[in-house]
file input27.txt (compact mmCIF, C-alpha atoms)
# COMPACT_ATOMS: atom_id res chain seq x y z
CA MET A 1 77.63 97.56 105.28
CA ASP A 2 76.78 96.13 101.91
CA PHE A 3 77.93 92.53 102.13
CA ASP A 4 76.53 91.65 98.72
CA LEU A 5 78.80 94.18 97.10
CA MET A 6 81.76 92.80 99.02
CA ILE A 7 80.99 89.29 97.79
CA THR A 8 80.36 90.29 94.19
CA SER A 9 83.42 92.52 93.96
CA PHE A 10 85.75 89.93 95.44
CA PRO A 11 86.20 87.82 92.24
CA LYS A 12 86.70 90.97 90.14
CA LEU A 13 89.36 92.17 92.55
CA LEU A 14 91.03 88.76 92.55
CA VAL A 15 91.34 88.85 88.76
CA ALA A 16 92.91 92.30 89.10
CA THR A 17 95.32 90.92 91.69
CA VAL A 18 96.87 88.82 88.93
CA VAL A 19 97.80 92.04 87.10
CA THR A 20 99.30 93.44 90.32
CA LEU A 21 101.32 90.27 90.86
CA LYS A 22 102.56 90.26 87.26
CA LEU A 23 103.68 93.87 87.56
CA LEU A 24 105.31 93.16 90.90
CA SER A 25 107.20 90.04 89.84
CA ALA A 26 108.43 91.54 86.56
CA SER A 27 109.65 94.75 88.19
CA LEU A 28 111.26 92.91 91.09
CA PHE A 29 113.10 90.56 88.74
CA PHE A 30 114.49 93.31 86.51
CA GLY A 31 114.94 95.62 89.50
CA LEU A 32 117.09 93.10 91.33
CA LEU A 33 119.40 92.72 88.34
CA LEU A 34 119.60 96.49 87.89
CA GLY A 35 120.12 96.98 91.62
CA LEU A 36 122.93 94.44 91.72
CA PHE A 37 124.56 96.10 88.71
CA PHE A 38 124.44 99.55 90.27
CA ALA A 39 125.53 98.24 93.67
CA ILE A 40 128.64 96.82 92.01
CA LEU A 41 129.21 100.22 90.36
CA ARG A 42 128.79 101.90 93.73
CA ILE A 43 131.61 99.91 95.33
CA ASN A 44 133.84 100.60 92.33
CA LYS A 45 136.84 102.75 93.19
CA ASN A 46 136.61 104.88 90.06
CA ILE A 47 135.04 108.13 91.24
CA PHE A 48 133.08 108.79 88.01
CA ILE A 49 131.46 105.36 87.93
CA ASN A 50 130.80 105.68 91.64
CA LYS A 51 129.21 109.12 91.33
CA PHE A 52 127.13 108.03 88.37
CA ALA A 53 125.64 105.14 90.32
CA TYR A 54 125.06 107.45 93.31
CA GLY A 55 123.33 110.00 91.08
CA TYR A 56 121.02 107.33 89.70
CA SER A 57 119.94 106.14 93.11
CA TYR A 58 119.65 109.70 94.44
CA VAL A 59 117.37 110.86 91.64
CA PHE A 60 115.10 107.83 91.74
CA ARG A 61 114.88 107.81 95.53
CA GLY A 62 114.36 111.54 95.77
CA THR A 63 111.39 111.83 93.42
CA PRO A 64 107.93 110.32 93.77
CA LEU A 65 107.23 107.16 91.81
CA LEU A 66 104.22 108.89 90.26
CA VAL A 67 106.47 111.47 88.58
CA GLN A 68 108.68 108.70 87.23
CA ILE A 69 105.72 106.85 85.72
CA PHE A 70 104.34 110.02 84.18
CA ILE A 71 107.69 110.98 82.66
CA ILE A 72 108.02 107.56 81.07
CA TYR A 73 104.41 107.13 80.00
CA PHE A 74 103.45 110.67 78.94
CA GLY A 75 106.86 112.25 78.52
CA LEU A 76 108.86 109.84 76.41
CA GLY A 77 106.11 109.55 73.81
CA GLN A 78 106.73 113.17 73.00
CA ILE A 79 110.17 112.55 71.56
CA GLU A 80 109.67 112.14 67.81
CA TYR A 81 112.82 110.11 67.38
CA LEU A 82 111.68 107.46 69.88
CA ARG A 83 108.43 107.01 68.03
CA SER A 84 110.27 105.86 64.94
CA THR A 85 112.43 103.26 66.68
CA PHE A 86 111.47 99.77 67.76
CA LEU A 87 111.40 101.01 71.36
CA TRP A 88 108.05 102.56 70.61
CA VAL A 89 106.47 99.12 70.46
CA ILE A 90 107.28 98.84 74.16
CA LEU A 91 106.80 102.45 75.20
CA LYS A 92 103.32 102.85 73.80
CA GLU A 93 102.03 100.14 76.13
CA PRO A 94 101.14 101.43 79.60
CA TYR A 95 101.93 97.98 80.95
CA TRP A 96 105.58 98.13 79.90
CA CYS A 97 105.91 101.77 80.86
CA ALA A 98 104.77 100.88 84.37
CA ILE A 99 107.23 98.00 84.53
CA ILE A 100 110.09 100.22 83.33
CA ALA A 101 109.27 102.87 85.92
CA PHE A 102 108.91 100.33 88.73
CA THR A 103 112.13 98.60 87.70
CA LEU A 104 114.11 101.83 87.72
CA ASN A 105 112.60 102.79 91.06
CA THR A 106 113.11 99.51 92.86
CA GLY A 107 116.55 99.19 91.22
CA ALA A 108 117.62 102.40 92.95
CA TYR A 109 116.47 101.22 96.38
CA THR A 110 117.86 97.72 95.83
CA SER A 111 121.26 99.12 94.84
CA GLU A 112 121.40 101.01 98.14
CA ILE A 113 120.41 97.92 100.12
CA LEU A 114 122.99 95.74 98.37
CA ARG A 115 125.71 98.38 98.61
CA SER A 116 125.36 98.64 102.34
CA ALA A 117 125.35 94.84 102.52
CA PHE A 118 128.60 94.67 100.51
CA GLN A 119 130.18 97.27 102.75
CA THR A 120 129.27 95.46 105.95
CA ILE A 121 131.02 92.24 104.90
CA LYS A 122 133.95 91.84 107.26
CA PRO A 123 137.28 92.33 105.47
CA GLY A 124 138.50 89.21 107.27
CA ILE A 125 136.21 87.03 105.19
CA ILE A 126 137.65 88.36 101.94
CA GLU A 127 141.19 88.09 103.33
CA ALA A 128 140.53 84.52 104.37
CA GLY A 129 139.44 83.76 100.82
CA LYS A 130 142.57 85.38 99.45
CA SER A 131 144.86 83.52 101.80
CA LEU A 132 143.32 80.27 100.60
CA GLY A 133 144.42 81.25 97.11
CA ILE A 134 140.91 81.77 95.76
CA SER A 135 140.81 84.13 92.80
CA ASN A 136 139.21 87.55 93.18
CA LYS A 137 136.45 86.67 90.77
CA ILE A 138 135.41 83.59 92.70
CA ILE A 139 135.68 85.45 96.00
CA PHE A 140 133.25 87.98 94.58
CA TYR A 141 130.74 85.53 93.12
CA LYS A 142 130.95 82.74 95.67
CA ILE A 143 131.67 84.62 98.87
CA GLN A 144 130.74 88.29 98.68
CA ILE A 145 127.50 88.02 96.72
CA PRO A 146 125.93 85.20 98.81
CA ILE A 147 126.81 86.97 102.06
CA ALA A 148 125.52 90.28 100.75
CA ILE A 149 122.24 88.69 99.68
CA ARG A 150 121.77 87.12 103.11
CA GLN A 151 122.64 90.41 104.83
CA SER A 152 120.18 92.37 102.77
CA LEU A 153 117.23 89.97 103.13
CA PRO A 154 115.37 91.92 105.86
CA ALA A 155 115.75 95.26 104.08
CA TYR A 156 114.91 93.69 100.75
CA GLY A 157 111.76 92.21 102.25
CA ASN A 158 110.63 95.73 103.14
CA GLU A 159 111.47 96.84 99.64
CA ILE A 160 109.29 94.07 98.16
CA ILE A 161 106.37 95.22 100.29
CA LEU A 162 106.97 98.85 99.34
CA MET A 163 107.10 97.85 95.70
CA MET A 164 103.88 95.87 96.03
CA LYS A 165 102.23 99.03 97.31
CA GLY A 166 103.94 100.98 94.54
CA THR A 167 102.31 98.88 91.83
CA SER A 168 99.03 100.53 92.81
CA LEU A 169 100.25 103.58 90.87
CA ALA A 170 99.88 101.61 87.66
CA SER A 171 96.20 102.46 87.94
CA THR A 172 97.06 106.09 87.14
CA VAL A 173 98.22 105.09 83.66
CA THR A 174 94.98 103.28 82.79
CA LEU A 175 96.11 99.82 83.93
CA MET A 176 93.41 97.85 85.71
CA ASP A 177 95.37 96.44 88.60
CA LEU A 178 93.92 95.79 92.07
CA THR A 179 93.76 99.48 92.97
CA GLY A 180 92.49 100.41 89.51
CA VAL A 181 89.58 97.98 89.71
CA ALA A 182 88.91 98.99 93.32
CA LYS A 183 88.69 102.62 92.27
CA TYR A 184 86.40 101.70 89.40
CA ILE A 185 84.03 99.81 91.69
CA ILE A 186 84.11 102.65 94.25
CA SER A 187 83.32 105.29 91.66
CA THR A 188 80.41 103.31 90.20
CA THR A 189 78.83 102.18 93.48
CA PHE A 190 79.91 104.97 95.88
CA LYS A 191 80.60 102.42 98.58
CA PRO A 192 84.25 103.12 99.41
CA ILE A 193 84.43 101.38 102.76
CA GLU A 194 83.25 97.98 101.56
CA VAL A 195 85.59 97.97 98.58
CA PHE A 196 88.45 99.25 100.73
CA ILE A 197 87.99 96.37 103.15
CA VAL A 198 88.07 93.75 100.38
CA ALA A 199 90.91 95.29 98.33
CA GLY A 200 92.87 96.24 101.45
CA GLY A 201 92.38 92.72 102.73
CA ILE A 202 93.90 91.27 99.57
CA TYR A 203 96.86 93.64 99.84
CA LEU A 204 97.32 92.79 103.50
CA PHE A 205 97.21 89.09 102.69
CA MET A 206 99.98 89.57 100.12
CA THR A 207 102.00 91.59 102.64
CA PHE A 208 101.54 88.79 105.15
CA ILE A 209 102.74 86.15 102.67
CA ILE A 210 105.79 88.19 101.63
CA HIS A 211 106.65 89.00 105.23
CA ASN A 212 106.57 85.35 106.25
CA LEU A 213 108.41 84.17 103.17
CA ILE A 214 111.27 86.55 103.93
CA LYS A 215 111.26 85.46 107.56
CA PHE A 216 111.48 81.84 106.45
CA LEU A 217 114.38 82.62 104.10
CA GLU A 218 116.17 84.57 106.83
CA LYS A 219 115.93 81.58 109.13
CA LYS A 220 116.96 79.12 106.44
CA TYR A 221 120.03 81.08 105.45
CA SER A 222 121.06 82.30 108.89
CA PHE A 223 124.67 81.88 109.91
CA GLN A 224 123.95 79.83 112.99
CA MET B 1 112.26 128.68 79.22
CA GLU B 2 109.32 130.95 78.38
CA LEU B 3 107.16 128.08 79.58
CA LEU B 4 108.36 128.83 83.09
CA ALA B 5 107.87 132.61 82.88
CA PHE B 6 105.98 134.21 85.72
CA GLY B 7 102.70 135.94 84.95
CA LYS B 8 100.05 135.10 82.41
CA THR B 9 102.28 133.69 79.70
CA GLY B 10 104.16 131.04 81.61
CA TRP B 11 103.67 128.45 84.28
CA GLY B 12 106.36 129.73 86.67
CA ASP B 13 104.10 131.35 89.23
CA GLU B 14 101.56 128.51 89.11
CA LEU B 15 104.30 125.97 89.75
CA PHE B 16 105.73 128.14 92.51
CA TYR B 17 102.41 128.23 94.34
CA ALA B 18 101.97 124.51 93.67
CA THR B 19 105.34 123.90 95.35
CA LEU B 20 104.21 125.93 98.36
CA MET B 21 101.05 123.80 98.42
CA THR B 22 103.13 120.61 98.39
CA ILE B 23 105.18 121.93 101.31
CA ALA B 24 102.03 122.97 103.19
CA VAL B 25 100.36 119.58 102.69
CA SER B 26 103.53 117.72 103.69
CA ILE B 27 103.97 119.72 106.89
CA THR B 28 100.29 119.41 107.82
CA ALA B 29 100.34 115.68 107.09
CA MET B 30 103.49 115.23 109.14
CA LEU B 31 101.90 117.06 112.09
CA VAL B 32 98.69 115.04 111.75
CA GLY B 33 100.93 111.98 111.70
CA PHE B 34 102.58 113.09 114.96
CA VAL B 35 99.16 113.39 116.58
CA PHE B 36 98.38 109.83 115.50
CA ALA B 37 101.81 108.67 116.65
CA ILE B 38 101.29 110.28 120.07
CA ILE B 39 98.02 108.37 120.39
CA PHE B 40 99.20 105.02 119.05
CA THR B 41 102.78 104.74 120.38
CA PRO B 42 101.60 104.38 124.01
CA LEU B 43 99.06 101.79 122.81
CA LYS B 44 101.79 99.76 121.16
CA LEU B 45 103.96 99.94 124.29
CA SER B 46 101.10 99.28 126.66
CA LYS B 47 101.04 96.34 129.05
CA TYR B 48 97.52 95.44 127.98
CA LYS B 49 97.15 92.99 125.11
CA SER B 50 93.96 94.57 123.76
CA LEU B 51 95.57 98.00 123.48
CA ASN B 52 98.60 96.42 121.84
CA LEU B 53 96.32 94.79 119.33
CA LEU B 54 94.68 98.11 118.49
CA GLY B 55 98.04 99.80 117.97
CA ASN B 56 99.35 96.94 115.86
CA PHE B 57 96.17 96.90 113.79
CA TYR B 58 96.66 100.55 112.86
CA THR B 59 100.31 100.30 111.89
CA THR B 60 99.96 96.96 110.10
CA VAL B 61 96.93 97.89 108.04
CA ILE B 62 98.20 101.31 107.00
CA ARG B 63 101.68 100.08 106.19
CA GLY B 64 100.37 97.05 104.32
CA VAL B 65 97.87 98.80 102.07
CA PRO B 66 98.85 101.08 99.18
CA GLU B 67 98.74 104.80 99.87
CA LEU B 68 96.61 105.36 96.81
CA LEU B 69 93.88 103.06 98.14
CA VAL B 70 93.82 104.96 101.43
CA ILE B 71 93.53 108.23 99.53
CA TYR B 72 90.64 106.87 97.44
CA LEU B 73 88.92 105.77 100.65
CA PHE B 74 89.16 109.30 102.03
CA PHE B 75 88.37 111.00 98.77
CA PHE B 76 85.24 108.99 98.04
CA GLY B 77 84.29 108.17 101.60
CA GLY B 78 85.18 111.43 103.34
CA SER B 79 82.16 113.55 102.50
CA GLY B 80 79.85 110.55 102.86
CA ALA B 81 81.09 109.95 106.38
CA ILE B 82 80.75 113.62 107.32
CA MET B 83 77.26 113.78 105.83
CA TYR B 84 76.28 110.68 107.77
CA VAL B 85 77.43 112.30 111.00
CA ALA B 86 75.66 115.52 110.02
CA SER B 87 72.45 113.63 109.28
CA ILE B 88 72.37 112.41 112.87
CA PHE B 89 72.22 116.06 113.89
CA GLY B 90 69.49 116.75 111.36
CA TYR B 91 71.52 118.35 108.60
CA TYR B 92 70.82 116.85 105.18
CA GLU B 93 72.50 119.21 102.69
CA TYR B 94 75.44 118.06 100.58
CA ILE B 95 78.76 118.71 102.27
CA GLU B 96 81.96 118.79 100.31
CA ILE B 97 85.20 118.62 102.20
CA ASN B 98 88.14 120.64 101.11
CA ALA B 99 90.70 118.62 99.10
CA PHE B 100 93.47 120.01 101.28
CA ILE B 101 91.88 118.65 104.44
CA THR B 102 91.10 115.24 102.92
CA GLY B 103 94.57 115.01 101.46
CA SER B 104 96.49 115.98 104.55
CA LEU B 105 94.35 113.72 106.68
CA ALA B 106 94.89 110.73 104.39
CA ILE B 107 98.63 111.31 104.08
CA GLY B 108 98.78 112.17 107.78
CA ILE B 109 97.31 108.83 108.78
CA ILE B 110 99.84 107.05 106.56
CA SER B 111 102.72 109.12 107.89
CA GLY B 112 101.45 108.55 111.44
CA ALA B 113 101.80 104.79 111.07
CA TYR B 114 105.46 105.17 110.13
CA SER B 115 106.07 107.75 112.88
CA THR B 116 104.49 105.42 115.43
CA GLU B 117 106.95 102.70 114.50
CA VAL B 118 109.84 105.16 114.75
CA PHE B 119 108.80 106.41 118.19
CA ARG B 120 108.19 102.90 119.44
CA GLY B 121 111.64 101.83 118.28
CA ALA B 122 113.29 104.89 119.82
CA ILE B 123 111.61 104.48 123.20
CA GLN B 124 112.38 100.78 123.30
CA SER B 125 116.06 101.38 122.60
CA ILE B 126 116.45 103.70 125.59
CA ASP B 127 118.26 101.92 128.38
CA LYS B 128 115.92 100.49 130.99
CA GLY B 129 118.12 101.94 133.71
CA GLN B 130 116.99 105.41 132.72
CA PHE B 131 113.39 104.63 133.59
CA GLU B 132 114.42 102.92 136.80
CA ALA B 133 116.73 105.74 137.86
CA ALA B 134 113.96 108.27 137.32
CA LYS B 135 111.62 106.14 139.40
CA VAL B 136 114.17 105.81 142.20
CA LEU B 137 114.65 109.58 142.29
CA GLY B 138 110.90 109.97 142.73
CA ILE B 139 110.40 111.88 139.51
CA ASN B 140 106.81 111.76 138.36
CA LYS B 141 105.85 110.16 135.05
CA PHE B 142 105.22 113.46 133.28
CA VAL B 143 108.59 115.02 134.08
CA GLN B 144 110.27 111.70 133.45
CA PHE B 145 108.92 111.66 129.92
CA TYR B 146 109.56 115.31 129.05
CA LYS B 147 112.93 115.79 130.70
CA ILE B 148 114.53 112.37 130.48
CA ILE B 149 112.95 110.12 127.87
CA LEU B 150 111.95 112.65 125.21
CA PRO B 151 115.37 114.32 124.75
CA GLN B 152 117.10 110.94 124.42
CA MET B 153 114.35 109.59 122.23
CA LEU B 154 114.51 112.51 119.80
CA ARG B 155 118.19 111.92 119.17
CA LEU B 156 117.44 108.35 118.16
CA ALA B 157 114.24 109.18 116.33
CA ILE B 158 115.38 112.09 114.17
CA PRO B 159 117.29 110.10 111.53
CA ASN B 160 114.30 107.80 111.08
CA LEU B 161 111.82 110.66 111.20
CA SER B 162 113.77 112.19 108.36
CA ASN B 163 112.94 109.07 106.34
CA VAL B 164 109.29 109.42 107.30
CA TRP B 165 109.41 113.03 106.15
CA GLN B 166 110.82 111.98 102.78
CA ILE B 167 108.10 109.34 102.41
CA THR B 168 105.43 111.87 103.35
CA LEU B 169 106.77 114.46 100.95
CA LYS B 170 106.72 111.98 98.10
CA ASP B 171 103.32 110.64 99.05
CA THR B 172 101.77 114.08 98.66
CA SER B 173 102.18 113.63 94.91
CA LEU B 174 99.41 111.03 95.14
CA ILE B 175 96.87 113.60 96.35
CA SER B 176 96.94 115.00 92.84
CA VAL B 177 94.32 112.33 92.00
CA THR B 178 91.86 114.22 94.19
CA GLY B 179 92.41 117.46 92.29
CA LEU B 180 94.35 119.40 94.90
CA VAL B 181 96.67 121.72 92.99
CA GLU B 182 100.12 120.71 94.17
CA ILE B 183 103.24 120.14 92.07
CA MET B 184 101.98 116.98 90.37
CA ARG B 185 98.51 118.30 89.58
CA GLN B 186 99.88 121.61 88.32
CA SER B 187 102.35 119.80 86.07
CA TYR B 188 99.52 117.63 84.79
CA VAL B 189 97.48 120.70 83.90
CA ALA B 190 100.46 122.49 82.37
CA ALA B 191 101.46 119.39 80.41
CA GLY B 192 97.93 119.02 79.12
CA SER B 193 97.55 122.56 77.91
CA THR B 194 101.02 122.99 76.40
CA ARG B 195 101.38 119.41 75.12
CA ASP B 196 104.81 119.27 76.63
CA PRO B 197 104.58 116.55 79.28
CA LEU B 198 108.26 115.60 79.15
CA PHE B 199 109.36 119.08 80.17
CA PHE B 200 106.79 119.64 82.88
CA TYR B 201 107.08 116.23 84.51
CA SER B 202 110.86 116.46 84.45
CA PHE B 203 110.57 119.89 86.02
CA ALA B 204 108.28 118.42 88.67
CA ALA B 205 110.94 115.80 89.35
CA VAL B 206 113.53 118.57 89.76
CA LEU B 207 111.24 120.40 92.19
CA TYR B 208 110.81 117.27 94.28
CA LEU B 209 114.56 116.63 94.22
CA LEU B 210 115.13 120.19 95.39
CA LEU B 211 112.63 119.77 98.21
CA THR B 212 114.17 116.51 99.37
CA TYR B 213 117.67 117.97 99.10
CA ILE B 214 116.86 121.09 101.12
CA SER B 215 114.95 119.17 103.76
CA MET B 216 117.84 116.74 104.10
CA LYS B 217 120.20 119.63 104.77
CA LEU B 218 117.87 121.12 107.38
CA ILE B 219 117.31 117.79 109.09
CA ASN B 220 121.04 117.16 109.26
CA LYS B 221 121.39 120.41 111.21
CA LEU B 222 118.65 119.27 113.57
CA GLU B 223 120.41 115.96 113.99
CA VAL B 224 123.61 117.70 115.04
CA ARG B 225 121.65 119.84 117.48
CA TYR B 226 120.01 116.87 119.18
CA SER B 227 123.16 114.79 119.41
CA ARG B 228 124.98 117.34 121.54
CA GLY B 229 126.83 115.54 124.24
CA TYR B 230 127.35 112.36 122.27
call {"tool": "encode", "arguments": {"input": "input27.txt", "output": "structure tokens"}}
result
Amino acid sequence: MDFDLMITSFPKLLVATVVTLKLLSASLFFGLLLGLFFAILRINKNIFINKFAYGYSYVFRGTPLLVQIFIIYFGLGQIEYLRSTFLWVILKEPYWCAIIAFTLNTGAYTSEILRSAFQTIKPGIIEAGKSLGISNKIIFYKIQIPIAIRQSLPAYGNEIILMMKGTSLASTVTLMDLTGVAKYIISTTFKPIEVFIVAGGIYLFMTFIIHNLIKFLEKKYSFQ
Amino acid sequence: MELLAFGKTGWGDELFYATLMTIAVSITAMLVGFVFAIIFTPLKLSKYKSLNLLGNFYTTVIRGVPELLVIYLFFFGGSGAIMYVASIFGYYEYIEINAFITGSLAIGIISGAYSTEVFRGAIQSIDKGQFEAAKVLGINKFVQFYKIILPQMLRLAIPNLSNVWQITLKDTSLISVTGLVEIMRQSYVAAGSTRDPLFFYSFAAVLYLLLTYISMKLINKLEVRYSRGY
């Protein structure tokens, strides 16, 4: 055990954790919006809209995240037309490519989580709203969405943890996030176990925090 | 389309073998995972606190740390660990472990953590009366497990194991960083030499979709088979 290496690599890994957290928070924020949007499309009665939303979530849940990042980072740059538009400013940065890929990926999972939450809302609750003369729009925004969010908290907590682990793939497109820096230190010092313990410890700590935060929210917003 | 031709001109045959490699790694990893699950599920269900702790440590650490980090640990640490063990026996030459073995072991350990959780959940959701009834009838522990608990457990576990399989299948794409030629690595090579990454990575995505689709269909059949009588 090389404790010196563990101590010296810890600050470097902490700096890299900031990158991981930035990637995570940005992709979760956009992913939640995208997921909510597609969940609403999924419960739409129009079969085309419905199938479109299903196709989106199927494709992004059925392929590895690594493929999605590579398509966006390496693949999209190949299209000449894209290079001439303003989108290129975003797409040439690995940072934004990673965020786009993570957003699309977590959006697909989130849409599934929210859809099942919408579908488990008891019809009686909506009927009660209607019988009180509340308009459909307000029933949706003030009754269905809050209940669905509460219902999906446990599953969404898992998704946050999965996404946190997913951000490690950003290191494959040259971003120096926690895993990227860990790999760099491993490949220069050839001491994988020490670095794994420190980097893994940071990841576990983040998992622990997220897990407890979700637990706290679940308790706070429970029905009892 | 000529990019996908079989033979020397295209990448069709290479990608075909790469797909077989992905399937082989996934199945091996899943089986390795079962071995780990068989070891760690009893630990998690044990009466003893210390054994519980050991089981929880395994599942928590592996499920809380990114897959890529675990793979790097095995990739960079694997041969070092083997050489260390070999040095105890007086062997000092450089040993390189096969990428397939490292990869399936790394993914297997990850998949094992998820399988452990699935088995634990399935066993815990079997009615207590079943265990008690078996005990009352004087059936020994071994027969009780194989003839009574296992068949009921599988029915409950298969839908969740199908999720574990999907996770494992997708995780194999990460072994490409170690140089094992599976779908992702082969696409990377093909994209590099033809300068057509969009096509090859999209094709890789299609291959993965196909694999997940086919395995879903097969697992659904299995599910029907194990829910006979319900």
call {"tool": "closest_residue", "arguments": {"input": "input27.txt", "among": "B:Lys128, B:Lys49, B:Arg120, B:Lys170", "to": "Gln68 (chain A)", "atoms": "only C-alpha atoms"}}
result
B:Lys170
call {"tool": "residues_around", "arguments": {"input": "input27.txt", "residues": "Leu73 (chain B)", "least_positions_apart": "3", "cutoff": "7 Å", "atoms": "all atoms listed in the file", "output": "VMD selection string"}}
result
(chain A and resid 192 to 193 196) or (chain B and resid 69 to 70 76 to 77)
call {"tool": "residues_around", "arguments": {"input": "input27.txt", "residues": "Ser111 (chain A)", "least_positions_apart": "6", "cutoff": "7 Å", "atoms": "all atoms listed in the file", "output": "PyMOL selection string"}}
result
chain A and resi 35-36+38-39
call {"tool": "residues_around", "arguments": {"input": "input27.txt", "residues": "Met184 (chain B)", "least_positions_apart": "6", "cutoff": "12 Å", "atoms": "only C-alpha atoms", "output": "JSON, numbers by chain"}}
result
{"A": [63, 64, 65, 66, 67, 68, 69, 70, 71], "B": [14, 15, 16, 17, 18, 19, 21, 22, 169, 170, 171, 172, 173, 174, 175, 176, 177, 178, 190, 191, 197, 200, 201, 202, 203, 204, 205, 206, 207, 208]}
call {"tool": "write_last_selection", "arguments": {"input": "input27.txt", "atoms": "C-alpha atoms", "output": "PDB file, keeping the file's coordinate frame"}}
result
ATOM      1  CA  THR A  63     111.390 111.830  93.420  1.00  0.00           C
ATOM      2  CA  PRO A  64     107.930 110.320  93.770  1.00  0.00           C
ATOM      3  CA  LEU A  65     107.230 107.160  91.810  1.00  0.00           C
ATOM      4  CA  LEU A  66     104.220 108.890  90.260  1.00  0.00           C
ATOM      5  CA  VAL A  67     106.470 111.470  88.580  1.00  0.00           C
ATOM      6  CA  GLN A  68     108.680 108.700  87.230  1.00  0.00           C
ATOM      7  CA  ILE A  69     105.720 106.850  85.720  1.00  0.00           C
ATOM      8  CA  PHE A  70     104.340 110.020  84.180  1.00  0.00           C
ATOM      9  CA  ILE A  71     107.690 110.980  82.660  1.00  0.00           C
TER      10      ILE A  71
ATOM     11  CA  GLU B  14     101.560 128.510  89.110  1.00  0.00           C
ATOM     12  CA  LEU B  15     104.300 125.970  89.750  1.00  0.00           C
ATOM     13  CA  PHE B  16     105.730 128.140  92.510  1.00  0.00           C
ATOM     14  CA  TYR B  17     102.410 128.230  94.340  1.00  0.00           C
ATOM     15  CA  ALA B  18     101.970 124.510  93.670  1.00  0.00           C
ATOM     16  CA  THR B  19     105.340 123.900  95.350  1.00  0.00           C
ATOM     17  CA  MET B  21     101.050 123.800  98.420  1.00  0.00           C
ATOM     18  CA  THR B  22     103.130 120.610  98.390  1.00  0.00           C
ATOM     19  CA  LEU B 169     106.770 114.460 100.950  1.00  0.00           C
ATOM     20  CA  LYS B 170     106.720 111.980  98.100  1.00  0.00           C
ATOM     21  CA  ASP B 171     103.320 110.640  99.050  1.00  0.00           C
ATOM     22  CA  THR B 172     101.770 114.080  98.660  1.00  0.00           C
ATOM     23  CA  SER B 173     102.180 113.630  94.910  1.00  0.00           C
ATOM     24  CA  LEU B 174      99.410 111.030  95.140  1.00  0.00           C
ATOM     25  CA  ILE B 175      96.870 113.600  96.350  1.00  0.00           C
ATOM     26  CA  SER B 176      96.940 115.000  92.840  1.00  0.00           C
ATOM     27  CA  VAL B 177      94.320 112.330  92.000  1.00  0.00           C
ATOM     28  CA  THR B 178      91.860 114.220  94.190  1.00  0.00           C
ATOM     29  CA  ALA B 190     100.460 122.490  82.370  1.00  0.00           C
ATOM     30  CA  ALA B 191     101.460 119.390  80.410  1.00  0.00           C
ATOM     31  CA  PRO B 197     104.580 116.550  79.280  1.00  0.00           C
ATOM     32  CA  PHE B 200     106.790 119.640  82.880  1.00  0.00           C
ATOM     33  CA  TYR B 201     107.080 116.230  84.510  1.00  0.00           C
ATOM     34  CA  SER B 202     110.860 116.460  84.450  1.00  0.00           C
ATOM     35  CA  PHE B 203     110.570 119.890  86.020  1.00  0.00           C
ATOM     36  CA  ALA B 204     108.280 118.420  88.670  1.00  0.00           C
ATOM     37  CA  ALA B 205     110.940 115.800  89.350  1.00  0.00           C
ATOM     38  CA  VAL B 206     113.530 118.570  89.760  1.00  0.00           C
ATOM     39  CA  LEU B 207     111.240 120.400  92.190  1.00  0.00           C
ATOM     40  CA  TYR B 208     110.810 117.270  94.280  1.00  0.00           C
TER      41      TYR B 208
END
call {"tool": "atom_distance", "arguments": {"input": "input27.txt", "atom1": "CA of Glu80 (chain A)", "atom2": "CA of Ser187 (chain B)"}}
result
21.1 Å
call {"tool": "interface_residues", "arguments": {"input": "input27.txt", "of": "chain A", "to": "chain B", "cutoff": "10 Å", "atoms": "all atoms listed in the file", "output": "number ranges by chain"}}
result
A: 58-79, 161-169, 171-172, 178-180, 182-183, 186-187, 190-197, 199-208
call {"tool": "closest_residue", "arguments": {"input": "input27.txt", "among": "A:Leu14, A:Ala98, A:Met6, A:Ile210", "to": "Thr174 (chain A)", "atoms": "all atoms listed in the file"}}
result
A:Ala98
call {"tool": "residues_around", "arguments": {"input": "input27.txt", "residues": "region 41-46 of chain A", "least_positions_apart": "6", "cutoff": "10 Å", "atoms": "only C-alpha atoms", "output": "list of chain:residue names"}}
result
A:Gly35, A:Phe52, A:Ala53, A:Tyr54, A:Ser57, A:Ser111, A:Glu112, A:Leu114, A:Arg115, A:Ser116, A:Phe118, A:Gln119
call {"tool": "residues_near_point", "arguments": {"input": "input27.txt", "point": "(115.7, 97.9, 93.6)", "cutoff": "6 Å", "atoms": "only C-alpha atoms", "output": "list in words"}}
result
Gly31, Leu32, Gly35, Thr106, Gly107, Ala108, Tyr109, Thr110 and Ser111 of chain A
call {"tool": "atom_distance", "arguments": {"input": "input27.txt", "atom1": "CA of Ala29 (chain B)", "atom2": "CA of Ile107 (chain B)"}}
result
5.6 Å
call {"tool": "atom_distance", "arguments": {"input": "input27.txt", "atom1": "CA of Thr17 (chain A)", "atom2": "CA of Val181 (chain A)"}}
result
9.3 Å
call {"tool": "closest_residue", "arguments": {"input": "input27.txt", "among": "A:Leu87, A:Ala117, A:Val173, A:Ile99", "to": "Leu24 (chain A)", "atoms": "all atoms listed in the file"}}
result
A:Ile99
call {"tool": "residues_near_point", "arguments": {"input": "input27.txt", "point": "(104.5, 100.6, 85.2)", "cutoff": "7 Å", "atoms": "only C-alpha atoms", "output": "PyMOL selection string"}}
result
chain A and resi 69+94-102+170
call {"tool": "residues_around", "arguments": {"input": "input27.txt", "residues": "Asn220 (chain B)", "least_positions_apart": "3", "cutoff": "12 Å", "atoms": "all atoms listed in the file", "output": "number ranges by chain"}}
result
B: 155, 158-163, 213-217, 223-227
